[in-house]
Structure formats: structure tokens, C-alpha cells
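Everything below concerns the one structure shown next.
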Amino acid sequence: MKNRRFDKSVLPSRHVTEGPARAPHRSYFYAMGISEAEIHQPWVGVATCWNEAAPCNIALNRQAQAVKMGVKAGGGTPREFTTITVTDGIAMGHEGMRSSLASRDAIADTVELTMRGHCYDALVGLAGCDKSLPGMMMAMVRLNVPSVFIYGGSILPGKLNGKDVVVQDVFEAVGKHQAGQMSDAELDILERVACPSAGACGGQYTANTMACVSEAIGLALPNSSGAPAPYESRDQYGEASGAAVMTLIEKNIRARDIVTRKALENAARVVACTGGSTNGGLHLPAIAHEAGIDFDLFDVCDIFRDTPYFVNLRPGGEYVAKDLYEAGGVPVVMRELRKAGLVHEDCITATGRTIGEELDLVDRAVDGRVIYPIEAPITPTGGVVGLKGNLAPDGAIVKVAGMSAAEQVFSGPARVFECEEDAFEAVKARGYREGEVIVIRNEGPAGGPGMREMLATTAALSGQGMGKKVALITDGRFSGATRGFCVGHVGPEAAHGGPIALLQNGDMITLDAIKGELSVALSEEELARRKAEWKGPRETQYATGALWKYARLVGGARQGAVTHPGAKSERHVYMDQ
């Protein structure tokens with residue numbers, strides 16, 4: 001493979017490696033032990049979100065070494081670099097969660113800056129936790145370089161009393177503990193066994209949802225997202241990903257050749273059929289924005305609406321990522337979708353082959369336990385549903401996986417809270433009533449700032465046994481681990497004067513996931529009157545720094561909460577500079 005011929009005259013790395021004027025640059029490279037031959041090969045950025053913040057990221061550094069071996073075997077020169085990660089499990093339930101969504105765009109920005117600054121020709125990106133996956137994919141599409149994504153892998157499930165347990169159980173145990181249904185000792189034992197290895201949260205929460213997206217959209221090698229982080233087989237996927245990016249350079253297949261409108265639709269299908277995180281409805285439009293493709297929350301939800309839900313994963317189902325991998329992973333899931341004509345087979349992938357060609361190689365049948373036959377799904381429509389109405393003109397989203405039809409319709413009086421902390425304290429104190437719709441506002445992308453996830457509150461409700469007896473709506477987000485009738489991404493957000501800002505205690509709210517409705521029993525005249533009397537957004541304490549900057553740049557959740565104009569405004573093409 002090292003005998004491949006690459007034309008450096010058309011690659012960005014020529015600006016730092018070729019000609020007499022670049023002698024100073026080459027001297028730096030020699031200082032790092034890079035040979036003359038390696039200097040004149042294509043240069044591949046190997047970007048990881050490695051850090052010691054959480055188990056999601058801890059194995060990425062080791063996996064990057066395997067990627068670099070694959071790049072070298074393919075005739076390239078790999079250069080490893082790292083970027084930030086904010087891990088939601090650690091940031092959850094306090095002020096740190098304001099940094100989470102902002103970190104997605106910071107990851108994309110920092111990867112872009114590193115690639116541009118050092119003139120790398122291609123990118124292999126490794127990510128492990130929720131926002132780092134879309135952040136890395138956004139950078140690939142923004143730069144439009146030959147790119148391969150690889151997931152760091154999921155955590156193994158813990159065991160307690162003969163049953164699998166995951167971190168979701170610990171969050172919900174907090175509610176049980178508050179309700180006096182779990183002792184200090186029982187909680188102490190659970191927290192020690194729930195997370196037994198490296199890797200991202202094991203259910204179909206945001207990390208695993210976006211890992212499935214990476215395969216479905218074509219940026220990751222087939223089945224590469226499935227193996228848990230501790231498995232040594234991850235090294236083989238890493239090495240193969242490094243080799244694959246060299247083929248993409250040779251064929252000049254770039255990220256936007258892969259991420260097309262059809263590929264985004266394939267990805268949305270996989271989110272829906274696996275009962276994936278509602279955050280998929282935020283990140284897919286953001287990735288589309290980097291490609292200059294119009295694909296907003298409503299487009300995503302149209303696909304969710306007519307996609308069967310047939311993969312039995314937590315939190316709505318029974319199994320975790322390791323079980324999906326052992327049942328055949330995303331390739332088997334997509335083969336089932338193809339049976340129903342729900343896959344665009346002509347989409348190109350990181351292998352250089354089409355989705356259809358890759359699915360032709362899949363010879364495993366569904367197991368009927370983790371992956372159901374598409375002809376006999378768990379439910380006939382997707383596990384995630386979009387809502388719209390006079391309370392959410394720009395839409396909202398809810399995960400209905402695991403909910404019965406009767407549980408998907410709810411009407412009740414509003415109980416309004418101005419932030420998550422107020423709601424959480426009220427839930428702890430049982431300061432709410434059965435049948436109410438809990439409203440948490442001022443938590444949107446700009447108003448939060450940062451669009452926090454409400455897992456601490458929703459998990460406490462579930463732990464108290466009230467998860468099905470109340471509903472919850474917010475202009476913030478929900479974790480992929482959230483259960484119950486919990487509606488997020490309500491737009492426009494309160495900070496932008498959306499109807500959620502005008503709600504008062506006792507207003508009657510209707511949520512109907514079957515009809516796709518989120519409305520309040522107020523006339524247009526009454527809403528207009530309240531809007532005229534509205535005193536503007538709640539003042540934030542974040543008057544400086546990164547979150548101040550983010551709040552001023554970020555757009556609405558409907559378009560993915562993006563922070564720059566996107567590819568439609570692009571005048572400079574990095575690869576062709």
C-alpha cells in the first residue's frame with residue numbers, strides 16, 4: 001500500500017512541506033523524528049477528544065495509536081492532536097451542564113483551526129461522549145476533507161443482583177433515595193458497580209445514538225461503532241479506519257460527498273428505529289448546516305413519524321449497546337430498514353462503496369430479542385416524535401419509545417419554573433401535583449445559556465414513581481436516558497420571546513405525541529396581550545467568557561443551535577486553497 005502515488009501538488013499539506021521556502025517548516029518536522037519520505041506523504045490529522053474527565057474518553061488515546069498504524073500502512077503521515085470534551089454525565093444536574101452543548105461547537109471550531117493551521121489533508125476523528133460525536137462530524141463536513149469517524153465504544157453494563165445496571169439506574173436511584181425507598185447503603189453499592197469499564201453510557205442515549213448515526217450517515221466504517229470500549233477488537237476498527245482514509249484521499253472522496261440529504265435521511269431513520277436520543281433532532285440539523293443542506297427539526301421529525309421502532313434498547317427497552325453489537329449492530333438494523341424501502345442505498349460511505357453494497361455483505365438475521373423483524377416492530381412509528389402547535393411554532397421533540405399509546409396523550413395545568421434548579425428543588429420537596437405539566441423555561445441555547453439537559457429532574461420524578469403521572473416541557477434538552485412524557489427543544493425559546501415565556505401557572509397544556517401537538521388553551525389575542533406585557537428575557541449571570549459569546553451567536557434549536565452561517569455562506573474551500 002505504501003507504493004500508492006498521491007499528488008501532493010493538490011493537497012493542503014504542500015503549503016508546509018514542499019519547496020525551498022518550507023525549509024524552516026521541515027526543520028520542525030525533523031525535530032520530531034519524521035523522515036524525509038514521511039514529510040512528502042499526505043498528512044492526516046488524527047483528532048481525539050481524549051481526557052481524564054470520564055470513562056467515555058479515557059480509551060481514545062490508546063485507540064488513536066491503532067488509527068495511526070493504519071494511516072502509516074496506507075502511505076500517510078499521521079499527526080495526533082486532541083480537543084476538549086465536556087462529559088454530560090459529570091456535567092449533569094448543575095451549572096456545568098451549560099458548557100455541554102457549547103462544547104460541541106467548540107470541538108468543531110478547534111478541530112477546524114488545528115487542521116487549517118497545520119494544513120492536514122484528511123481527518124480521522126475519535127470521540128466518546130455525547131456532544132463530541134456530532135462536534136467531530138461537524139468539523140469533518142465543515143472542512144470537507146476526506147474523513148473517517150470512529151467511536152470510542154460503549155461502557156460494559158454493571159451487574160447487581162444478577163441484573164444489568166447502567167448509570168441511568170443510578171440517576172433514578174437518587175429519586176428513590178429521596179423518596180425513602182432506597183437506603184444509603186443500597187445507593188452506595190449501586191454507584192460502585194454501575195460503571196465497570198471505560199466507554200460511553202451503554203443505553204441508546206446520545207453517545208450511542210450518534211455513534212449509530214456515524215455509520216448510517218456513512219462517515220464511519222460499518223459496525224465500527226458497536227464494540228464496547230474495552231474490547232481489543234476496537235484496535236482493528238481503528239487501524240482499518242486509518243487505512244480507509246488513505247483510500248478516500250486517493251479517490252478524492254470528501255466528507256460532503258458522503259453527507260448528503262439522502263445520507264441525513266438514512267441517519268434519521270436509524271435514530272427513530274432504535275428509539276434514539278431526542279438530541280439526534282438537534283445534531284442532525286447542525287451537521288446538515290455544515291454541508292449547506294436545509295434539514296431542520298421538522299424534516300427530521302417527518303422521517304421519525306413514518307419509521308417503525310424495532311430495536312429494543314434502553315431507556316425505552318431492555319438492552320444496551322453491547323447487546324446490539326452482539327446481535328449484528330447497525331448493519332443488521334439498516335438491512336431491516338432496507339427491506340421496507342426505507343434506506344437510500346446509493347449513498348457513498350467511508351469505505352468508498354455505497355450503503356447498498358455494504359448491506360449486500362450483511363448475512364446475519366435479526367435475533368428477535370434486541371432487533372425485531374421490521375414486519376413485526378415494537379411500534380409502527382418511530383421512538384422519537386416531533387410536536388408543533390401554538391406553544392411550539394418552531395417545534396419540539398419527545399422520545400416515546402417504551403410508552404403505550406395511552407401514555408402519549410397528556411393534558412394538564414402548567415406548573416411553571418424559571419430554571420432547572422427551581423424545578424429540581426420542587427420535585428425533591430414534592431412541590432407538584434399528579435396530572436400537572438411541569439414547565440422549565442429559560443434553559444434554551446441562548447437563554448440558559450447552553451440548553452441544559454434535565455436528567456436530574458426527570459430521573460428524580462421516575463425514582464419517585466411519578467414519571468407517568470406528570471408531563472414536563474422545556475426549551476432546554478433531555479438526556480437520551482430520560483423516560484416519561486418529557487418534551488424538549490420547545491421553540492422559539494423563552495429568551496427569544498417564544499410562547500413558553502408567556503405561560504402562567506394553571507394554563508391548560510395539551511401534549512399529543514400521536515397527533516404531533518403541543519398547545520396551550522389560550523387564544524391568539526391572549527398570547528398577543530401577554531407578549532406585549534412581557535418584560536424580556538431573564539437576565540443571565542454569564543456576562544463574559546465563552547458562554548456569553550455562545551449565547552450571542554447561537555441560533556434556535558429548530559436549525560440545530562448553530563453558531564455560524566454554515567456552508568451556504570462559504571467563499572473559501574479549504575481543500576482547494
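If you're wondering about the labels, chains in the C-alpha cells are A, B, ... by order shown, residues count from 1 in each chain, ligands from 1 in order shown.
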
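Residues within 7 Å of Ala127 (chain A), counting only C-alpha atoms and excluding same-chain residues fewer than 3 positions away, are Thr48, Cys49, Ser132, Leu133, Ile150, Tyr151 and Gly152 of chain A.
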
For this session: Please identify all polymer residues within 8 Å of region 538-550 of chain A, counting only C-alpha atoms, omitting same-chain residues fewer than 3 positions from it, and present them as a ChimeraX atom specification.
Result: /A:98-99,102,442,446-450,495,553-554,563

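One distance worth recording is that between CA of Cys129 (chain A) and CA of Phe81 (chain A), which is 17.2 Å.
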
For this session: Considering only C-alpha atoms, return as a ChimeraX atom specification whatever protein or nucleic-acid residues lie within 7 Å of region 349-363 of chain A, sequence-local ones (same chain, fewer than 5 positions apart) excluded.
Result: /A:148,218-221,244,248,258,331-332,335

Problem set entry | Close residues, Val320 (chain A) itself excluded, 10 Å, only C-alpha atoms, min 5 positions apart in chain, as JSON, numbers by chain | {"A": [154, 155, 156, 157, 164, 165, 166, 201, 202, 203, 204, 205, 208, 312, 313, 314, 315, 325, 370]}

Would you save the residues from that selection as a short mmCIF file (atom, residue, chain, number, x, y, z; two decimals), in the first residue's frame, using all heavy atoms?
```cif
data_model
loop_
_atom_site.label_atom_id
_atom_site.label_comp_id
_atom_site.auth_asym_id
_atom_site.auth_seq_id
_atom_site.Cartn_x
_atom_site.Cartn_y
_atom_site.Cartn_z
N SER A 154 -18.79 1.84 23.74
CA SER A 154 -19.64 1.99 24.92
C SER A 154 -19.04 1.28 26.13
O SER A 154 -18.15 0.43 26.01
CB SER A 154 -21.04 1.43 24.64
OG SER A 154 -20.97 0.02 24.48
N ILE A 155 -19.56 1.63 27.28
CA ILE A 155 -19.17 1.02 28.54
C ILE A 155 -19.85 -0.36 28.64
O ILE A 155 -20.88 -0.60 28.01
CB ILE A 155 -19.61 1.93 29.71
CG1 ILE A 155 -18.86 1.65 30.99
CG2 ILE A 155 -21.13 1.86 29.92
CD1 ILE A 155 -19.06 2.72 32.06
N LEU A 156 -19.26 -1.26 29.38
CA LEU A 156 -19.92 -2.53 29.68
C LEU A 156 -20.97 -2.31 30.76
O LEU A 156 -20.79 -1.44 31.62
CB LEU A 156 -18.90 -3.57 30.13
CG LEU A 156 -17.89 -4.00 29.06
CD1 LEU A 156 -16.80 -4.86 29.69
CD2 LEU A 156 -18.57 -4.75 27.93
N PRO A 157 -22.06 -3.05 30.74
CA PRO A 157 -23.05 -2.89 31.82
C PRO A 157 -22.51 -3.42 33.14
O PRO A 157 -21.71 -4.37 33.17
CB PRO A 157 -24.24 -3.73 31.32
CG PRO A 157 -23.64 -4.74 30.40
CD PRO A 157 -22.46 -4.07 29.76
N ASP A 164 -28.35 -6.54 34.73
CA ASP A 164 -27.54 -5.45 34.20
C ASP A 164 -28.00 -4.13 34.79
O ASP A 164 -29.21 -3.87 34.91
CB ASP A 164 -27.68 -5.38 32.67
CG ASP A 164 -26.90 -6.47 31.95
OD1 ASP A 164 -26.15 -7.21 32.63
OD2 ASP A 164 -27.04 -6.59 30.73
N VAL A 165 -27.03 -3.29 35.14
CA VAL A 165 -27.35 -1.93 35.59
C VAL A 165 -26.47 -0.95 34.84
O VAL A 165 -25.35 -1.27 34.42
CB VAL A 165 -27.16 -1.76 37.12
CG1 VAL A 165 -28.22 -2.50 37.89
CG2 VAL A 165 -25.77 -2.19 37.56
N VAL A 166 -26.99 0.27 34.64
CA VAL A 166 -26.27 1.33 33.94
C VAL A 166 -26.42 2.62 34.74
O VAL A 166 -27.14 2.68 35.74
CB VAL A 166 -26.81 1.52 32.50
CG1 VAL A 166 -26.56 0.27 31.67
CG2 VAL A 166 -28.29 1.88 32.50
N CYS A 201 -21.86 5.85 28.04
CA CYS A 201 -23.06 5.26 28.65
C CYS A 201 -23.69 4.22 27.71
O CYS A 201 -23.81 4.45 26.51
CB CYS A 201 -24.07 6.34 28.97
SG CYS A 201 -23.47 7.57 30.13
N GLY A 202 -24.11 3.10 28.27
CA GLY A 202 -24.41 1.91 27.47
C GLY A 202 -25.75 1.85 26.80
O GLY A 202 -25.94 1.06 25.88
N GLY A 203 -26.74 2.65 27.24
CA GLY A 203 -28.04 2.60 26.61
C GLY A 203 -28.06 3.39 25.31
O GLY A 203 -27.04 3.94 24.89
N GLN A 204 -29.23 3.45 24.69
CA GLN A 204 -29.35 4.23 23.45
C GLN A 204 -29.58 5.70 23.82
O GLN A 204 -30.59 6.31 23.49
CB GLN A 204 -30.47 3.67 22.56
CG GLN A 204 -30.46 4.19 21.11
CD GLN A 204 -29.25 3.76 20.32
OE1 GLN A 204 -28.24 3.35 20.87
NE2 GLN A 204 -29.34 3.84 19.00
N TYR A 205 -28.60 6.21 24.54
CA TYR A 205 -28.60 7.62 24.93
C TYR A 205 -27.89 8.39 23.80
O TYR A 205 -27.70 7.88 22.70
CB TYR A 205 -27.93 7.80 26.28
CG TYR A 205 -28.33 6.78 27.33
CD1 TYR A 205 -27.41 6.26 28.22
CD2 TYR A 205 -29.65 6.33 27.42
CE1 TYR A 205 -27.78 5.33 29.18
CE2 TYR A 205 -30.03 5.39 28.37
CZ TYR A 205 -29.08 4.89 29.25
OH TYR A 205 -29.44 3.96 30.19
N ASN A 208 -24.43 6.75 22.07
CA ASN A 208 -24.68 5.59 21.20
C ASN A 208 -25.60 5.93 20.04
O ASN A 208 -25.47 5.37 18.95
CB ASN A 208 -25.22 4.41 22.01
CG ASN A 208 -24.11 3.69 22.74
OD1 ASN A 208 -23.06 3.42 22.17
ND2 ASN A 208 -24.32 3.38 24.01
N ASN A 312 -34.74 -2.89 20.49
CA ASN A 312 -35.18 -2.92 21.89
C ASN A 312 -34.06 -2.50 22.84
O ASN A 312 -33.45 -3.33 23.52
CB ASN A 312 -35.67 -4.35 22.20
CG ASN A 312 -36.25 -4.48 23.58
OD1 ASN A 312 -36.60 -3.51 24.23
ND2 ASN A 312 -36.37 -5.73 24.05
N LEU A 313 -33.79 -1.20 22.89
CA LEU A 313 -32.68 -0.69 23.68
C LEU A 313 -33.16 0.22 24.82
O LEU A 313 -34.18 0.88 24.69
CB LEU A 313 -31.71 0.11 22.78
CG LEU A 313 -31.02 -0.69 21.67
CD1 LEU A 313 -30.29 0.26 20.73
CD2 LEU A 313 -30.06 -1.71 22.26
N ARG A 314 -32.39 0.25 25.89
CA ARG A 314 -32.68 1.18 26.96
C ARG A 314 -32.48 2.61 26.45
O ARG A 314 -31.65 2.82 25.57
CB ARG A 314 -31.75 0.90 28.16
CG ARG A 314 -31.99 -0.46 28.80
CD ARG A 314 -31.25 -0.63 30.09
NE ARG A 314 -31.79 0.30 31.10
CZ ARG A 314 -31.55 0.18 32.41
NH1 ARG A 314 -30.79 -0.79 32.86
NH2 ARG A 314 -32.05 1.03 33.25
N PRO A 315 -33.25 3.59 26.99
CA PRO A 315 -34.07 3.51 28.19
C PRO A 315 -35.50 3.01 27.96
O PRO A 315 -36.16 2.58 28.90
CB PRO A 315 -34.11 4.95 28.69
CG PRO A 315 -34.04 5.76 27.45
CD PRO A 315 -33.12 5.00 26.53
N TYR A 325 -24.49 -4.82 19.52
CA TYR A 325 -23.30 -5.24 18.78
C TYR A 325 -23.30 -6.76 18.57
O TYR A 325 -23.05 -7.25 17.46
CB TYR A 325 -22.05 -4.82 19.55
CG TYR A 325 -20.75 -5.29 18.95
CD1 TYR A 325 -20.34 -4.84 17.70
CD2 TYR A 325 -19.91 -6.17 19.64
CE1 TYR A 325 -19.14 -5.26 17.14
CE2 TYR A 325 -18.71 -6.58 19.10
CZ TYR A 325 -18.32 -6.14 17.85
OH TYR A 325 -17.14 -6.55 17.31
N VAL A 370 -33.20 -8.36 20.60
CA VAL A 370 -32.68 -6.99 20.59
C VAL A 370 -33.18 -6.28 19.34
O VAL A 370 -33.68 -5.15 19.42
CB VAL A 370 -31.13 -6.99 20.62
CG1 VAL A 370 -30.60 -5.55 20.62
CG2 VAL A 370 -30.62 -7.75 21.84
#
```

For this session: Name all residues at most 8 Å from Asn51 (chain A) (count only C-alpha atoms; drop same-chain ones fewer than 3 positions away) and give them as an MDAnalysis selection string.
Result: chainID A and resid 54 57:58 84:85

Exercise. Got a sec to tell me which of region 177-288 of chain A DSSP assigns to helix (DSSP H, G or I), as a PyMOL selection string?
Worked result: chain A and resi 177-178+184-193+206-216+233-251+255-258+261-273+280-288

For this session: Between A:Gly328, A:Gly19, A:Gly488, A:Gly76, single out the one closest to Asn279 (chain A), counting only C-alpha atoms.
Result: A:Gly488

For this session: Might you pull out every residue within 12 Å of Arg477 (chain A), with only C-alpha atoms counted and same-chain residues fewer than 5 positions away left off, and present them as a PyMOL selection string?
Result: chain A and resi 88+92+97-98+100-101+206+277-283+396-399+420+440-445+448-458+472+482+486-491+493+557+560-561

Exercise. Region 30-45 of chain A: which residues within 7 Å, counting only C-alpha atoms, same-chain residues fewer than 4 positions away excluded, as a VMD selection string?
Worked result: chain A and resid 8 13 17 26 75 to 80 115 120 to 124

Export of the given selection (all heavy atoms) as a compact mmCIF listing (two decimals), in the first residue's frame:
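Written output follows (selection_13.txt):
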```
# COMPACT_ATOMS: atom_id res chain seq x y z
N LYS A 8 0.83 15.46 -4.28
CA LYS A 8 0.94 16.48 -3.23
C LYS A 8 0.63 17.89 -3.74
O LYS A 8 0.28 18.78 -2.96
CB LYS A 8 2.35 16.47 -2.63
CG LYS A 8 2.58 15.37 -1.61
CD LYS A 8 2.03 15.71 -0.23
CE LYS A 8 3.00 16.58 0.54
NZ LYS A 8 2.68 16.63 1.99
N SER A 13 -1.33 20.02 2.48
CA SER A 13 -0.05 19.88 3.19
C SER A 13 1.14 20.37 2.38
O SER A 13 2.22 20.60 2.93
CB SER A 13 0.17 18.42 3.61
OG SER A 13 0.27 17.57 2.48
N THR A 17 5.16 21.54 3.45
CA THR A 17 6.18 20.52 3.24
C THR A 17 7.00 20.69 1.96
O THR A 17 8.09 20.11 1.86
CB THR A 17 5.55 19.10 3.19
OG1 THR A 17 4.71 19.00 2.03
CG2 THR A 17 4.77 18.80 4.44
N ARG A 26 10.09 22.26 7.58
CA ARG A 26 10.60 20.88 7.59
C ARG A 26 11.56 20.65 8.75
O ARG A 26 11.63 19.54 9.30
CB ARG A 26 11.26 20.56 6.25
CG ARG A 26 10.27 20.45 5.09
CD ARG A 26 10.90 19.86 3.84
NE ARG A 26 11.91 20.73 3.27
CZ ARG A 26 11.67 21.69 2.36
NH1 ARG A 26 10.44 21.91 1.94
NH2 ARG A 26 12.66 22.43 1.89
N GLY A 75 0.32 4.60 3.56
CA GLY A 75 1.17 5.56 2.88
C GLY A 75 0.98 6.99 3.31
O GLY A 75 1.34 7.92 2.58
N GLY A 76 0.45 7.20 4.50
CA GLY A 76 0.23 8.56 5.00
C GLY A 76 1.05 8.85 6.24
O GLY A 76 1.63 7.94 6.85
N THR A 77 1.08 10.12 6.61
CA THR A 77 1.80 10.57 7.81
C THR A 77 0.77 11.07 8.82
O THR A 77 0.19 12.14 8.63
CB THR A 77 2.80 11.68 7.46
OG1 THR A 77 3.73 11.17 6.50
CG2 THR A 77 3.55 12.16 8.69
N PRO A 78 0.51 10.31 9.88
CA PRO A 78 -0.50 10.71 10.85
C PRO A 78 0.07 11.70 11.88
O PRO A 78 1.21 11.56 12.30
CB PRO A 78 -0.87 9.39 11.53
CG PRO A 78 0.39 8.58 11.47
CD PRO A 78 1.07 8.98 10.19
N ARG A 79 -0.73 12.68 12.26
CA ARG A 79 -0.36 13.61 13.32
C ARG A 79 -1.51 13.70 14.29
O ARG A 79 -2.61 14.15 13.96
CB ARG A 79 -0.02 15.01 12.76
CG ARG A 79 1.06 15.04 11.69
CD ARG A 79 2.28 14.22 12.01
NE ARG A 79 3.06 14.74 13.14
CZ ARG A 79 3.93 14.00 13.82
NH1 ARG A 79 4.11 12.71 13.51
NH2 ARG A 79 4.62 14.55 14.79
N GLU A 80 -1.26 13.24 15.48
CA GLU A 80 -2.30 13.17 16.51
C GLU A 80 -2.44 14.51 17.22
O GLU A 80 -1.45 15.16 17.55
CB GLU A 80 -1.94 12.08 17.51
CG GLU A 80 -2.96 11.85 18.61
CD GLU A 80 -2.51 10.77 19.58
OE1 GLU A 80 -1.47 10.13 19.34
OE2 GLU A 80 -3.21 10.57 20.60
N MET A 115 -6.67 21.82 11.94
CA MET A 115 -6.49 21.32 10.58
C MET A 115 -6.04 22.43 9.64
O MET A 115 -5.10 22.26 8.85
CB MET A 115 -7.81 20.73 10.08
CG MET A 115 -8.27 19.45 10.78
SD MET A 115 -7.32 17.99 10.29
CE MET A 115 -7.86 17.80 8.59
N TYR A 120 -3.42 19.93 7.27
CA TYR A 120 -3.58 18.49 7.14
C TYR A 120 -4.54 18.18 5.99
O TYR A 120 -5.47 18.93 5.70
CB TYR A 120 -4.08 17.88 8.44
CG TYR A 120 -3.10 18.00 9.60
CD1 TYR A 120 -3.56 18.06 10.91
CD2 TYR A 120 -1.73 18.07 9.37
CE1 TYR A 120 -2.66 18.17 11.97
CE2 TYR A 120 -0.83 18.19 10.43
CZ TYR A 120 -1.31 18.24 11.72
OH TYR A 120 -0.42 18.36 12.78
N ASP A 121 -4.31 17.05 5.34
CA ASP A 121 -5.02 16.69 4.11
C ASP A 121 -6.30 15.89 4.36
O ASP A 121 -7.15 15.80 3.47
CB ASP A 121 -4.10 15.86 3.21
CG ASP A 121 -2.82 16.59 2.86
OD1 ASP A 121 -2.90 17.80 2.55
OD2 ASP A 121 -1.74 15.97 2.92
N ALA A 122 -6.39 15.28 5.50
CA ALA A 122 -7.54 14.42 5.79
C ALA A 122 -7.67 14.32 7.31
O ALA A 122 -6.77 14.74 8.05
CB ALA A 122 -7.35 13.03 5.18
N LEU A 123 -8.79 13.73 7.75
CA LEU A 123 -9.08 13.69 9.18
C LEU A 123 -9.67 12.35 9.57
O LEU A 123 -10.63 11.88 8.94
CB LEU A 123 -10.07 14.82 9.52
CG LEU A 123 -10.62 14.91 10.95
CD1 LEU A 123 -9.50 15.13 11.96
CD2 LEU A 123 -11.65 16.03 11.05
N VAL A 124 -9.10 11.74 10.59
CA VAL A 124 -9.76 10.63 11.29
C VAL A 124 -10.07 11.17 12.69
O VAL A 124 -9.17 11.61 13.41
CB VAL A 124 -8.88 9.38 11.39
CG1 VAL A 124 -9.62 8.27 12.13
CG2 VAL A 124 -8.47 8.91 10.01
```
